[in-house]
$ cat data-v3.cif   # mmCIF, C-alpha atoms
data_upload
loop_
_atom_site.label_atom_id
_atom_site.label_comp_id
_atom_site.auth_asym_id
_atom_site.auth_seq_id
_atom_site.Cartn_x
_atom_site.Cartn_y
_atom_site.Cartn_z
CA MET V 1 165.90 46.98 273.48
CA PRO V 2 167.53 44.04 275.23
CA PRO V 3 171.36 43.94 275.03
CA HIS V 4 172.57 41.90 272.05
CA ILE V 5 175.24 39.28 272.72
CA LEU V 6 177.18 37.41 270.04
CA LEU V 7 178.42 33.98 271.16
CA VAL V 8 181.44 32.82 269.18
CA GLU V 9 181.69 29.17 270.15
CA ASP V 10 182.02 25.97 268.13
CA ASN V 11 180.54 23.52 270.63
CA ALA V 12 176.78 23.26 270.11
CA LEU V 13 176.20 22.06 273.69
CA VAL V 14 177.93 25.11 275.14
CA VAL V 15 176.07 27.43 272.73
CA GLY V 16 172.79 25.81 273.80
CA ALA V 17 173.51 26.24 277.52
CA LEU V 18 174.74 29.84 277.26
CA ARG V 19 171.96 30.84 274.86
CA LEU V 20 169.32 29.54 277.25
CA LEU V 21 170.92 31.29 280.22
CA LEU V 22 171.38 34.60 278.40
CA GLU V 23 167.96 34.65 276.71
CA GLU V 24 166.16 33.79 279.93
CA THR V 25 167.98 36.65 281.69
CA GLY V 26 166.82 39.26 279.19
CA HIS V 27 169.41 39.30 276.40
CA ARG V 28 169.12 38.85 272.65
CA VAL V 29 171.58 36.18 271.48
CA SER V 30 173.16 35.30 268.15
CA ASP V 31 175.98 32.84 267.57
CA ALA V 32 178.81 31.96 265.19
CA SER V 33 181.05 28.92 265.19
CA ASN V 34 184.11 30.38 263.43
CA VAL V 35 185.82 33.77 263.12
CA ALA V 36 184.71 34.47 259.52
CA ASP V 37 181.04 33.99 260.43
CA ALA V 38 181.57 36.03 263.61
CA ALA V 39 183.09 38.94 261.63
CA ARG V 40 180.16 38.82 259.18
CA ALA V 41 177.65 38.77 262.03
CA MET V 42 179.35 41.76 263.65
CA ARG V 43 178.97 43.79 260.43
CA THR V 44 175.36 42.87 259.66
CA ASP V 45 173.95 42.92 263.21
CA PRO V 46 176.41 44.65 265.54
CA PRO V 47 176.32 43.16 269.05
CA ASP V 48 176.82 45.03 272.34
CA LEU V 49 179.04 42.25 273.65
CA VAL V 50 181.00 39.37 272.09
CA LEU V 51 181.74 36.26 274.16
CA LEU V 52 184.64 34.69 272.32
CA ASP V 53 185.92 31.11 272.59
CA LEU V 54 189.59 30.76 271.64
CA THR V 55 189.67 27.28 270.14
CA LEU V 56 187.26 27.26 267.21
CA GLY V 57 188.13 24.13 265.26
CA ALA V 58 191.27 25.13 263.36
CA ASP V 59 190.64 28.86 264.02
CA ASP V 60 192.25 30.90 266.77
CA GLY V 61 189.40 32.99 268.18
CA LEU V 62 191.69 36.00 268.58
CA ALA V 63 192.05 36.15 264.79
CA LEU V 64 188.65 37.87 264.91
CA PHE V 65 190.32 41.16 265.85
CA ALA V 66 192.11 41.25 262.48
CA LEU V 67 188.85 40.77 260.56
CA VAL V 68 186.72 43.56 262.03
CA ASN V 69 187.06 47.33 261.96
CA PRO V 70 186.76 49.57 264.99
CA PRO V 71 184.80 50.72 266.84
CA LEU V 72 184.47 47.26 268.37
CA PRO V 73 181.93 46.16 270.95
CA VAL V 74 183.19 44.79 274.25
CA VAL V 75 184.90 41.45 273.56
CA VAL V 76 185.40 38.99 276.43
CA ALA V 77 187.28 35.71 276.00
CA LEU V 78 185.56 32.62 277.43
CA THR V 79 188.08 29.85 277.31
CA GLY V 80 188.87 26.37 278.62
CA HIS V 81 192.55 27.32 279.05
CA ASP V 82 193.39 28.68 282.49
CA ASP V 83 197.09 29.48 282.11
CA PRO V 84 198.49 33.01 282.57
CA GLU V 85 199.98 33.02 279.03
CA THR V 86 196.51 32.62 277.49
CA ARG V 87 195.18 35.43 279.65
CA GLU V 88 197.96 37.77 278.59
CA ARG V 89 197.54 36.86 274.92
CA CYS V 90 193.80 37.70 275.10
CA LEU V 91 194.30 41.04 276.84
CA ALA V 92 197.08 42.01 274.42
CA ALA V 93 194.81 41.16 271.45
CA GLY V 94 192.13 43.54 272.75
CA CYS V 95 189.82 41.49 274.99
CA ARG V 96 188.28 43.46 277.85
CA ASP V 97 188.40 40.45 280.15
CA VAL V 98 189.18 36.73 280.18
CA ARG V 99 187.03 34.10 281.91
CA VAL V 100 187.71 30.40 282.26
CA LYS V 101 184.84 28.08 281.39
CA PRO V 102 182.58 27.21 282.98
CA ILE V 103 181.84 30.65 284.37
CA ARG V 104 179.25 30.50 287.17
CA SER V 105 175.83 31.54 285.85
CA ARG V 106 175.35 34.14 288.61
CA GLU V 107 178.79 35.59 287.94
CA LEU V 108 178.12 35.73 284.20
CA LYS V 109 174.87 37.65 284.74
CA SER V 110 176.45 40.27 286.97
CA GLN V 111 179.63 40.48 284.86
CA ILE V 112 177.66 41.10 281.66
CA ALA V 113 175.98 44.04 283.32
CA ALA V 114 179.40 45.36 284.39
CA TRP V 115 180.95 44.86 280.93
CA LEU V 116 178.01 46.64 279.32
CA GLY V 117 177.92 49.32 281.99
CA VAL V 118 174.23 48.71 282.69
CA ARG V 119 172.13 47.42 285.54
CA THR V 120 171.42 43.68 285.63
CA PRO V 121 168.27 42.95 283.60
CA ALA V 122 165.46 41.84 285.86
CA MET R 1 254.09 0.28 272.50
CA THR R 2 255.17 2.95 270.05
CA ARG R 3 254.24 6.57 270.41
CA ALA R 4 252.35 6.54 267.11
CA TYR R 5 250.24 3.62 268.26
CA VAL R 6 249.25 5.45 271.47
CA ASP R 7 248.34 8.61 269.48
CA ASP R 8 246.21 6.54 267.15
CA LEU R 9 244.44 5.01 270.11
CA SER R 10 243.62 8.37 271.72
CA VAL R 11 242.41 9.82 268.44
CA GLU R 12 240.13 6.85 268.06
CA ARG R 13 238.92 7.11 271.64
CA LEU R 14 238.30 10.84 271.28
CA ALA R 15 236.26 10.26 268.15
CA ALA R 16 234.24 7.59 269.95
CA LEU R 17 233.63 9.92 272.90
CA GLN R 18 232.53 12.74 270.60
CA GLU R 19 230.16 10.33 268.90
CA GLN R 20 228.73 9.30 272.30
CA ASN R 21 228.33 12.92 273.31
CA LEU R 22 226.37 13.66 270.19
CA GLU R 23 224.16 10.63 270.79
CA LEU R 24 223.52 11.77 274.39
CA SER R 25 222.59 15.31 273.28
CA ARG R 26 220.20 13.79 270.77
CA LEU R 27 218.63 11.66 273.52
CA VAL R 28 218.27 14.62 275.89
CA ALA R 29 216.59 16.69 273.16
CA GLU R 30 214.28 13.81 272.37
CA LEU R 31 213.27 13.37 276.03
CA ARG R 32 212.63 17.10 276.42
CA ASN R 33 210.53 17.01 273.30
CA GLU R 34 208.56 14.04 274.63
CA ALA R 35 207.87 15.80 277.94
CA ALA R 36 206.69 18.91 276.08
CA LEU R 37 204.45 16.80 273.85
CA ARG R 38 202.98 15.02 276.87
CA THR R 39 202.18 18.35 278.55
CA GLN R 40 200.64 19.65 275.34
CA PHE R 41 198.56 16.47 275.09
CA LEU R 42 197.31 16.81 278.67
CA SER R 43 196.59 20.49 278.11
CA ASN R 44 194.49 19.68 275.04
CA ILE R 45 192.66 16.86 276.82
CA SER R 46 191.89 19.09 279.78
CA HIS R 47 190.50 21.76 277.44
CA ASP R 48 188.36 19.19 275.62
CA LEU R 49 187.01 17.77 278.90
CA ARG R 50 186.13 21.23 280.18
CA THR R 51 183.93 22.03 277.18
CA PRO R 52 181.13 19.49 277.74
CA LEU R 53 181.42 20.05 281.50
CA THR R 54 180.67 23.71 280.81
CA ALA R 55 177.38 22.71 279.18
CA ILE R 56 176.46 20.33 282.04
CA ILE R 57 177.23 22.82 284.80
CA THR R 58 175.62 25.80 283.06
CA HIS R 59 172.38 23.86 282.46
CA GLY R 60 172.47 22.74 286.10
CA GLU R 61 172.88 26.30 287.33
CA ILE R 62 170.06 27.56 285.09
CA LEU R 63 167.75 25.04 286.77
CA ARG R 64 169.12 25.53 290.31
CA ASP R 65 168.82 29.32 290.12
CA GLY R 66 165.15 29.04 289.18
CA ILE R 67 165.68 30.80 285.84
CA LEU R 68 163.20 28.38 284.22
CA GLY R 69 160.86 28.36 287.23
CA GLU R 70 161.18 27.63 290.93
CA LEU R 71 162.23 24.12 291.99
CA THR R 72 161.15 22.19 295.07
CA GLY R 73 163.79 21.71 297.77
CA ARG R 74 164.42 18.09 296.71
CA GLN R 75 164.71 19.06 293.03
CA ARG R 76 167.24 21.77 293.90
CA GLU R 77 169.19 19.26 296.00
CA SER R 78 169.37 16.86 293.07
CA VAL R 79 170.47 19.53 290.59
CA SER R 80 173.04 20.82 293.09
CA GLY R 81 174.45 17.28 293.13
CA ILE R 82 174.95 17.44 289.35
CA ILE R 83 176.70 20.82 289.64
CA GLY R 84 178.83 19.65 292.60
CA GLY R 85 179.93 16.53 290.74
CA GLY R 86 180.78 18.58 287.66
CA ARG R 87 182.82 21.08 289.69
CA GLN R 88 184.69 18.25 291.43
CA LEU R 89 185.60 16.82 288.01
CA LEU R 90 186.79 20.26 286.92
CA ASP R 91 189.07 20.52 289.96
CA MET R 92 190.52 17.12 289.18
CA ILE R 93 191.18 18.10 285.56
CA GLY R 94 192.93 21.23 286.83
CA GLU R 95 195.07 19.13 289.17
CA ILE R 96 196.14 16.75 286.42
CA LEU R 97 197.14 19.69 284.25
CA THR R 98 199.12 21.35 287.07
CA TYR R 99 200.89 18.07 287.75
CA ALA R 100 201.80 17.69 284.07
CA ARG R 101 203.21 21.21 283.98
CA GLY R 102 205.23 20.50 287.12
CA ALA R 103 206.60 17.26 285.66
CA ALA R 104 207.68 19.14 282.53
CA ASN R 105 209.24 21.92 284.64
CA GLN R 106 206.82 24.42 283.15
CA LEU R 107 205.70 25.94 286.46
CA THR R 108 206.93 29.40 287.26
CA LEU R 109 206.58 31.50 290.41
CA SER R 110 205.14 34.97 290.47
CA ARG R 111 206.55 36.29 293.75
CA SER R 112 205.35 39.07 296.00
CA ASP R 113 205.40 39.99 299.69
CA PHE R 114 202.35 39.12 301.76
CA THR R 115 201.52 38.33 305.34
CA VAL R 116 200.98 34.86 306.75
CA GLU R 117 197.76 36.14 308.36
CA ALA R 118 196.32 37.12 304.96
CA VAL R 119 196.82 33.66 303.41
CA LEU R 120 195.60 31.88 306.56
CA GLU R 121 192.45 33.97 306.57
CA GLN R 122 191.84 33.26 302.88
CA VAL R 123 192.30 29.50 303.31
CA CYS R 124 190.20 29.31 306.49
CA THR R 125 187.34 31.24 304.88
CA LEU R 126 187.39 28.85 301.91
CA ASN R 127 187.15 25.85 304.26
CA GLU R 128 184.75 27.34 306.81
CA SER R 129 181.69 25.41 305.65
CA LEU R 130 183.60 22.08 305.46
CA VAL R 131 184.92 22.54 309.01
CA ALA R 132 181.42 23.35 310.27
CA LYS R 133 179.90 20.42 308.40
CA LYS R 134 182.28 17.97 310.13
CA GLY R 135 181.96 19.72 313.49
CA HIS R 136 185.74 20.11 313.84
CA ALA R 137 187.39 22.65 316.12
CA LEU R 138 189.82 24.67 313.95
CA SER R 139 192.44 26.80 315.68
CA VAL R 140 194.93 29.13 314.04
CA THR R 141 197.99 30.49 315.85
CA VAL R 142 200.53 32.90 314.42
CA GLU R 143 203.69 33.80 316.31
CA PRO R 144 203.77 37.57 316.94
CA GLU R 145 205.83 39.77 314.61
CA ILE R 146 206.40 37.03 312.11
CA PRO R 147 208.03 38.51 308.97
CA PRO R 148 206.02 38.69 305.71
CA LEU R 149 206.42 35.83 303.25
CA TYR R 150 208.06 36.26 299.87
CA GLY R 151 206.61 33.85 297.35
CA ASP R 152 203.85 32.95 294.94
CA ARG R 153 200.76 33.67 296.97
CA GLU R 154 198.39 31.62 294.83
CA LYS R 155 200.60 28.54 295.07
CA ILE R 156 201.05 28.89 298.83
CA VAL R 157 197.29 29.23 299.25
CA HIS R 158 196.99 26.05 297.16
CA VAL R 159 199.45 24.16 299.42
CA LEU R 160 197.73 25.32 302.61
CA GLY R 161 194.30 24.56 301.16
CA ASN R 162 195.41 21.07 300.21
CA LEU R 163 196.88 20.32 303.66
CA LEU R 164 193.90 21.78 305.50
CA GLY R 165 191.50 19.92 303.20
CA ASN R 166 193.27 16.63 303.97
CA ALA R 167 193.27 17.37 307.70
CA ILE R 168 189.51 18.01 307.60
CA ASP R 169 188.82 14.95 305.40
CA PHE R 170 190.96 12.43 307.28
CA THR R 171 189.68 13.35 310.75
CA ALA R 172 186.49 11.83 312.13
CA PRO R 173 183.69 14.35 312.88
CA GLY R 174 184.21 16.49 315.97
CA GLY R 175 188.01 16.32 315.76
CA LYS R 176 190.73 18.92 316.17
CA VAL R 177 192.44 20.66 313.28
CA TRP R 178 195.01 23.40 313.71
CA ILE R 179 197.41 25.64 311.81
CA ARG R 180 200.46 27.19 313.47
CA ALA R 181 202.88 29.62 311.87
CA SER R 182 206.23 30.40 313.47
CA ARG R 183 209.78 31.39 312.62
CA GLY R 184 211.62 28.33 311.34
CA ALA R 185 215.29 27.53 311.90
CA PRO R 186 217.25 29.63 309.35
CA THR R 187 218.70 27.66 306.42
CA GLU R 188 221.80 28.48 304.35
CA ARG R 189 219.43 30.33 302.00
CA GLY R 190 218.14 32.62 304.74
CA HIS R 191 215.19 32.97 307.11
CA VAL R 192 212.06 30.91 306.73
CA VAL R 193 208.57 30.73 308.14
CA LEU R 194 207.45 27.30 309.33
CA ILE R 195 203.79 26.39 308.88
CA GLU R 196 202.26 23.38 310.59
CA VAL R 197 198.89 21.90 309.63
CA GLY R 198 197.87 19.31 312.22
CA ASP R 199 194.89 17.12 312.99
CA SER R 200 193.70 14.55 315.51
CA GLY R 201 192.71 12.21 312.68
CA ILE R 202 193.53 8.68 311.54
CA GLY R 203 197.24 9.38 311.07
CA ILE R 204 199.76 7.76 308.73
CA ALA R 205 202.07 4.84 309.58
CA PRO R 206 205.76 5.91 309.45
CA GLU R 207 206.51 3.52 306.55
CA HIS R 208 203.98 5.45 304.46
CA HIS R 209 205.30 8.94 305.19
CA GLU R 210 207.10 9.29 301.86
CA LEU R 211 204.48 7.32 299.93
CA VAL R 212 201.82 9.96 300.52
CA PHE R 213 203.87 12.49 298.54
CA ARG R 214 204.16 10.17 295.57
CA GLU R 215 201.77 10.79 292.68
CA PHE R 216 198.68 8.59 292.47
CA ALA R 217 199.46 7.12 295.89
CA GLN R 218 196.62 6.36 298.28
CA VAL R 219 197.77 4.64 301.43
CA ASP R 220 194.46 3.13 302.35
CA ALA R 221 192.10 2.21 299.53
CA THR R 222 189.03 2.26 301.81
CA ALA R 223 189.87 5.72 303.13
CA SER R 224 190.59 7.04 299.65
CA ARG R 225 187.21 5.92 298.41
CA GLN R 226 185.55 8.24 300.90
CA HIS R 227 187.97 11.06 300.08
CA HIS R 228 187.75 12.10 296.46
CA GLY R 229 190.84 13.27 294.68
CA THR R 230 193.31 12.49 291.96
CA GLY R 231 196.05 11.29 294.30
CA LEU R 232 198.11 14.21 293.05
CA GLY R 233 197.37 16.77 295.76
CA LEU R 234 200.40 16.22 297.99
CA ALA R 235 202.76 15.62 295.05
CA ILE R 236 201.72 19.02 293.67
CA ALA R 237 201.95 20.66 297.11
CA ARG R 238 205.50 19.38 297.57
CA LYS R 239 206.43 20.58 294.07
CA PHE R 240 205.06 24.08 294.86
CA VAL R 241 207.00 24.24 298.16
CA GLU R 242 210.22 23.01 296.52
CA LEU R 243 209.88 25.65 293.79
CA HIS R 244 210.17 28.13 296.69
CA ASP R 245 213.31 26.33 297.99
CA GLY R 246 211.24 25.16 300.93
CA ARG R 247 210.58 21.70 302.39
CA LEU R 248 207.32 19.82 303.04
CA TRP R 249 207.24 16.80 305.33
CA VAL R 250 204.98 14.89 307.69
CA GLU R 251 205.21 13.65 311.27
CA SER R 252 202.53 11.13 312.19
CA THR R 253 201.70 7.75 313.69
CA LEU R 254 198.77 5.54 312.87
CA GLY R 255 195.85 6.64 315.04
CA GLY R 256 197.87 9.54 316.48
CA GLY R 257 196.89 12.33 314.09
CA SER R 258 199.17 13.96 311.51
CA ARG R 259 201.26 17.11 311.45
CA PHE R 260 202.36 18.38 308.04
CA TYR R 261 205.09 21.02 308.04
CA PHE R 262 206.41 23.26 305.31
CA THR R 263 208.85 26.15 305.12
CA ILE R 264 208.64 29.25 302.96
CA PRO R 265 211.44 31.79 302.68
CA VAL R 266 211.02 35.38 303.82
CA ARG R 267 212.72 38.20 301.92
CA SER R 268 216.20 38.67 303.30
CA ALA R 269 216.66 42.06 304.98
CA SER R 270 218.74 44.11 302.55
#

$ encode --input "data-v3.cif" --output "structure tokens"
Amino acid sequence: MPPHILLVEDNALVVGALRLLLEETGHRVSDASNVADAARAMRTDPPDLVLLDLTLGADDGLALFALVNPPLPVVVALTGHDDPETRERCLAAGCRDVRVKPIRSRELKSQIAAWLGVRTPA
Amino acid sequence: MTRAYVDDLSVERLAALQEQNLELSRLVAELRNEAALRTQFLSNISHDLRTPLTAIITHGEILRDGILGELTGRQRESVSGIIGGGRQLLDMIGEILTYARGAANQLTLSRSDFTVEAVLEQVCTLNESLVAKKGHALSVTVEPEIPPLYGDREKIVHVLGNLLGNAIDFTAPGGKVWIRASRGAPTERGHVVLIEVGDSGIGIAPEHHELVFREFAQVDATASRQHHGTGLGLAIARKFVELHDGRLWVESTLGGGSRFYFTIPVRSAS
């Protein structure tokens, strides 16, 4: 079974780019553009990893943590904000890691393997 | 003049002064608020610009890395150009945001002890390929037993990277670029390390020495067209050095190369 990744991102162009990259490197991908849809998706089809944007229209991406019950999959923030305050806010909320967009495609591939604790898919 | 008249006058004047004070406090608060709003605006813009750039760069990398099939050398070159342009734009967006934070006094230092050698190595490694590409000779000299620096390592790396980048850019191929670190003359605040970044490049006329540190300043429009940038690099570098209570200045003549110097405090022996 390929690892399942949930993309929580409200920009269709970014979803398109990341979906293509992740699917072509051996992952199954679903996406949600707001936290309510993301919480629903996590209940109906639990992912192994959530890549979470922070600015989702009017939603704060970190509000997702209040909507889902543990045990949670690994959640990593992918954000356009590169200030230390944002980083701290994400880690305090429960994110495993914080990456500033755009993350290099090679780095994303190897990081996903590390976050999931598996070898890089061929 | 009667006593009562004088008292009346001072009461009036006091009331007027109090009124003026209030008005000034209101103005100060308003200006602070405006600066904060401007920073917030730039922060939002920079976030919004990064989002579509993410899509452009990610698609470029998918193609370049052969994820959708191998490319020919020329195809890879072209796609690498798209990625390079996108990354350059990202750096510029980052610079504008840093400048806005500096202007609003929202930059803070996260200080630690580290050696000059460590930051020099980091900066030289980052610029290795640029130096090789231009065929420059880069030399690095560190005075023996120089004390460790005490400052924000990331910001000092940024300053050094900016100065070295300029030295590489503004020197014709096959030139000399050097970095020297030594003990500086102690200031009233304590001991400092003096870092010099020099080059044998085009140099800067003395009347432009202060201009280069001003935001959005490019001394020579023809030169600046070949050297990308926001025109904020040196303004940011000076801000970073001044946050450390250090100084950043230049010594140069037109055609005679440039030497940029900055000081960074070392932790006082206690």

$ resolve_selection --input "data-v3.cif" --expression "the PyMOL selection byres ((chain R) within 12 of (chain V))" --output "PyMOL selection string"
chain R and resi 40+42-69+83+86-87+89-91+93-95+97-98+101+106-110

$ residues_near_point --input "data-v3.cif" --point "(177.8, 41.6, 270.7)" --cutoff "12 Å" --atoms "only C-alpha atoms" --output "PyMOL selection string"
chain V and resi 2-8+27-32+38-39+41-52+72-76+112+115-116

$ closest_atom_pairs --input "data-v3.cif" --of "region 167-204 of chain R" --to "region 251-268 of chain R" --cutoff "9 Å" --atoms "only C-alpha atoms" --output "CSV"
residue,atom,partner,partner_atom,distance
R:Ala167,CA,R:Ser258,CA,7.8
R:Thr171,CA,R:Gly257,CA,8.0
R:Gly184,CA,R:Thr263,CA,7.1
R:Arg189,CA,R:Pro265,CA,8.2
R:Gly190,CA,R:Ser268,CA,6.5
R:His191,CA,R:Val266,CA,5.8
R:Val192,CA,R:Pro265,CA,4.2
R:Val193,CA,R:Ile264,CA,5.4
R:Leu194,CA,R:Thr263,CA,4.6
R:Ile195,CA,R:Phe262,CA,5.4
R:Glu196,CA,R:Tyr261,CA,4.5
R:Val197,CA,R:Phe260,CA,5.2
R:Gly198,CA,R:Arg259,CA,4.1
R:Asp199,CA,R:Gly257,CA,5.3
R:Ser200,CA,R:Gly257,CA,4.1
R:Gly201,CA,R:Gly257,CA,4.4
R:Ile202,CA,R:Gly255,CA,4.7
R:Gly203,CA,R:Gly257,CA,4.2
R:Ile204,CA,R:Leu254,CA,4.8

$ write_last_selection --input "data-v3.cif" --atoms "C-alpha atoms" --output "mmCIF file, in the frame of the given file"
data_model
loop_
_atom_site.group_PDB
_atom_site.id
_atom_site.type_symbol
_atom_site.label_atom_id
_atom_site.label_comp_id
_atom_site.auth_asym_id
_atom_site.auth_seq_id
_atom_site.Cartn_x
_atom_site.Cartn_y
_atom_site.Cartn_z
ATOM 1 C CA ALA R 167 193.270 17.370 307.700
ATOM 2 C CA THR R 171 189.680 13.350 310.750
ATOM 3 C CA GLY R 184 211.620 28.330 311.340
ATOM 4 C CA ARG R 189 219.430 30.330 302.000
ATOM 5 C CA GLY R 190 218.140 32.620 304.740
ATOM 6 C CA HIS R 191 215.190 32.970 307.110
ATOM 7 C CA VAL R 192 212.060 30.910 306.730
ATOM 8 C CA VAL R 193 208.570 30.730 308.140
ATOM 9 C CA LEU R 194 207.450 27.300 309.330
ATOM 10 C CA ILE R 195 203.790 26.390 308.880
ATOM 11 C CA GLU R 196 202.260 23.380 310.590
ATOM 12 C CA VAL R 197 198.890 21.900 309.630
ATOM 13 C CA GLY R 198 197.870 19.310 312.220
ATOM 14 C CA ASP R 199 194.890 17.120 312.990
ATOM 15 C CA SER R 200 193.700 14.550 315.510
ATOM 16 C CA GLY R 201 192.710 12.210 312.680
ATOM 17 C CA ILE R 202 193.530 8.680 311.540
ATOM 18 C CA GLY R 203 197.240 9.380 311.070
ATOM 19 C CA ILE R 204 199.760 7.760 308.730
#

$ residues_near_point --input "data-v3.cif" --point "(196.7, 26.9, 291.8)" --cutoff "10 Å" --atoms "all atoms listed in the file" --output "list of chain:residue names"
R:Gly94, R:Glu95, R:Thr98, R:Asp152, R:Arg153, R:Glu154, R:Lys155, R:Ile156, R:Val157, R:His158, R:Val159, R:Gly161, R:Ile236, R:Ala237, R:Phe240

$ resolve_selection --input "data-v3.cif" --expression "the PyMOL selection byres ((chain V and resi 61-64) around 9)" --output "list in words"
Val8, Glu9, Asn34, Val35, Ala36, Ala38, Ala39, Leu52, Asp53, Leu54, Thr55, Leu56, Asp59, Asp60, Phe65, Ala66, Leu67, Val68, Ala77, Arg89, Cys90, Ala93, Gly94 and Cys95 of chain V

$ closest_residue --input "data-v3.cif" --among "R:Leu160, R:Ala104, R:Val250, R:Leu149" --to "Glu121 (chain R)" --atoms "all atoms listed in the file"
R:Leu160

$ atom_distance --input "data-v3.cif" --atom1 "CA of Lys239 (chain R)" --atom2 "CA of Leu130 (chain R)"
25.6 Å

$ atom_distance --input "data-v3.cif" --atom1 "CA of Trp249 (chain R)" --atom2 "CA of Val177 (chain R)"
17.2 Å

$ resolve_selection --input "data-v3.cif" --expression "the PyMOL selection byres ((chain R and resi 136) around 7)" --output "JSON, numbers by chain"
{"R": [131, 132, 134, 135, 137, 138, 173, 174, 175, 176, 177]}

$ residues_around --input "data-v3.cif" --residues "Leu120 (chain R)" --least-positions-apart "4" --cutoff "10 Å" --atoms "all atoms listed in the file" --output "PDB file with C-alpha atoms, in the frame of the given file"
ATOM      1  CA  THR R 115     201.520  38.330 305.340  1.00  0.00           C
ATOM      2  CA  VAL R 116     200.980  34.860 306.750  1.00  0.00           C
ATOM      3  CA  CYS R 124     190.200  29.310 306.490  1.00  0.00           C
ATOM      4  CA  THR R 125     187.340  31.240 304.880  1.00  0.00           C
ATOM      5  CA  LEU R 126     187.390  28.850 301.910  1.00  0.00           C
ATOM      6  CA  VAL R 140     194.930  29.130 314.040  1.00  0.00           C
ATOM      7  CA  THR R 141     197.990  30.490 315.850  1.00  0.00           C
ATOM      8  CA  VAL R 142     200.530  32.900 314.420  1.00  0.00           C
ATOM      9  CA  ILE R 156     201.050  28.890 298.830  1.00  0.00           C
ATOM     10  CA  VAL R 157     197.290  29.230 299.250  1.00  0.00           C
ATOM     11  CA  LEU R 160     197.730  25.320 302.610  1.00  0.00           C
ATOM     12  CA  GLY R 161     194.300  24.560 301.160  1.00  0.00           C
ATOM     13  CA  ILE R 179     197.410  25.640 311.810  1.00  0.00           C
ATOM     14  CA  ARG R 180     200.460  27.190 313.470  1.00  0.00           C
ATOM     15  CA  ALA R 181     202.880  29.620 311.870  1.00  0.00           C
TER      16      ALA R 181
END

$ atom_distance --input "data-v3.cif" --atom1 "CA of Phe170 (chain R)" --atom2 "CA of Val212 (chain R)"
13.0 Å

$ closest_residue --input "data-v3.cif" --among "R:Phe41, R:Trp178, R:Tyr5, R:Tyr150" --to "Gly165 (chain R)" --atoms "only C-alpha atoms"
R:Trp178

$ closest_residue --input "data-v3.cif" --among "R:Glu188, R:Glu210, R:Lys133, R:Leu27" --to "Ala172 (chain R)" --atoms "all atoms listed in the file"
R:Lys133
